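Below: one structure, written as structure tokens.
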Amino acid sequence: MKMRRNDKEIQNLAAIEDIIGRSCICHLALNDEGTPYVLPMCFAYHDRTFSFHSASDGRKIAALRNHPDVCISVVAGYDILRHPKGCSWSMRYESVVGFGRVRFIEDPAEKRLTLERILLRYAGGHSFSTDYSEEILQRTLVFDVCCDLLTAKVSG
Ligand SMILES: Cc1cc2nc3c(=O)[nH]c(=O)nc-3n(C[C@H](O)[C@H](O)[C@H](O)COP(=O)(O)OP(=O)(O)OC[C@H]3O[C@@H](n4cnc5c(N)ncnc54)[C@H](O)[C@@H]3O)c2cc1C
């Protein structure tokens with residue numbers, strides 16, 4: 001669907017990925033048997049693909065198994081632009097919305113690599129070990145969403 005304020009639209013993939021790179025939390029929107037269900041999640045990103053980790057059960061995973069099509073959203077660089085007139089307040093923001101399908105990652109080597117990507121994203125220069133046991137690896141669910149469509153909007 002066309003963006004109404006297309007003067008605020010960003011189409012360049014590198015610019016979109018720059019916003020994603022500066023975002024901290026990804027909101028993952030699911031379809032739980034017709035009921036919308038949105039959750040904040042930590043994530044990693046590469047090549048149009050958002051990656052996540054999770055416990056292997058719960059409402060989110062049940063919904064994803066039944067309805068793998070999802071929508072994601074991330075936000076960076078936001079601030080409130082206050083003004084003496086309340087009706088002139090605004091918001092500065094950069095945001096990305098993506099649409100794709102969930103793929104559960106089963107291969108242990110790919111799971112390890114994906115978990116490492118997620119940790120690296122939040123490491124902030126701290127070192128960490130990645131020698132988790134097979135048992136932990138098995139009970140951690142890892143999935144990704146390759147986005148067929150990524151749209152971005154910058155305001156303020
Ligand atoms: C900043 C942040 C980062 C997170 N990162 C991750 C992550 O990387 N991986 C991960 O698996 N989870 C993460 N979480 C937790 C995530 O948002 C869910 O709480 C969690 O995944 C369990 O979801 P579920 O559907 O299995 O919940 P269930 O335990 O099945 O609970 C279902 C019910 O609990 C309520 N509920 C569930 N989660 C939340 C919530 N976050 N806030 C308020 N109500 C809730 C809902 O009403 C829902 O109907 C993160 C949360 C935050 C705030």
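Residues in the structure tokens are numbered from 1 in each chain, the chains being A, B, ... in the order shown, and ligands are numbered from 1 in the order shown.
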
Discussion item. Show me which residues line ligand 1, defined as having an atom within 10 Å of a ligand atom where only C-alpha atoms and all ligand atoms count, and present them as a PyMOL selection string.
Written reply: chain A and resi 24-28+30+32+37-44+51-64+118-119+140-142

Item to complete: Enter the distance from CA of Val102 (chain A) to CA of Asp144 (chain A), in Å, rounded to one decimal.
Response: 5.7 Å

Fill in: Residues of region 21-137 of chain A in strand (DSSP E), written as a ChimeraX atom specification
/A:26-32,35-41,44-46,49-55,69-81,90-104

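Within the 10 Å cut-off around Pro108 (chain A), using only C-alpha atoms and omitting residues fewer than 6 positions from it on the same chain, the listed residues are Thr114, Glu134, Leu137, Gln138 and Val142 of chain A.
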
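The smallest atom-to-atom distance between Glu17 (chain A) and any of A:Asn66, A:Thr49, A:Thr35, A:Ser155, using only C-alpha atoms, is found for A:Thr49.
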
Worksheet item: Within 8 Å of Thr151 (chain A), counting only C-alpha atoms, which residues qualify if same-chain residues fewer than 6 places away don't, as a ChimeraX atom specification?
Response: /A:9-11,16,96-98

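Closest approach to Ala14 (chain A) among A:Glu110, A:His46, A:Arg101, A:Ile80: A:His46, based on only C-alpha atoms.
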
Fill in: Secondary structure check, helix (DSSP H, G or I) residues of region 22-156 of chain A, as an MDAnalysis selection string
chainID A and resid 59:66 86:88 108:123 134:139
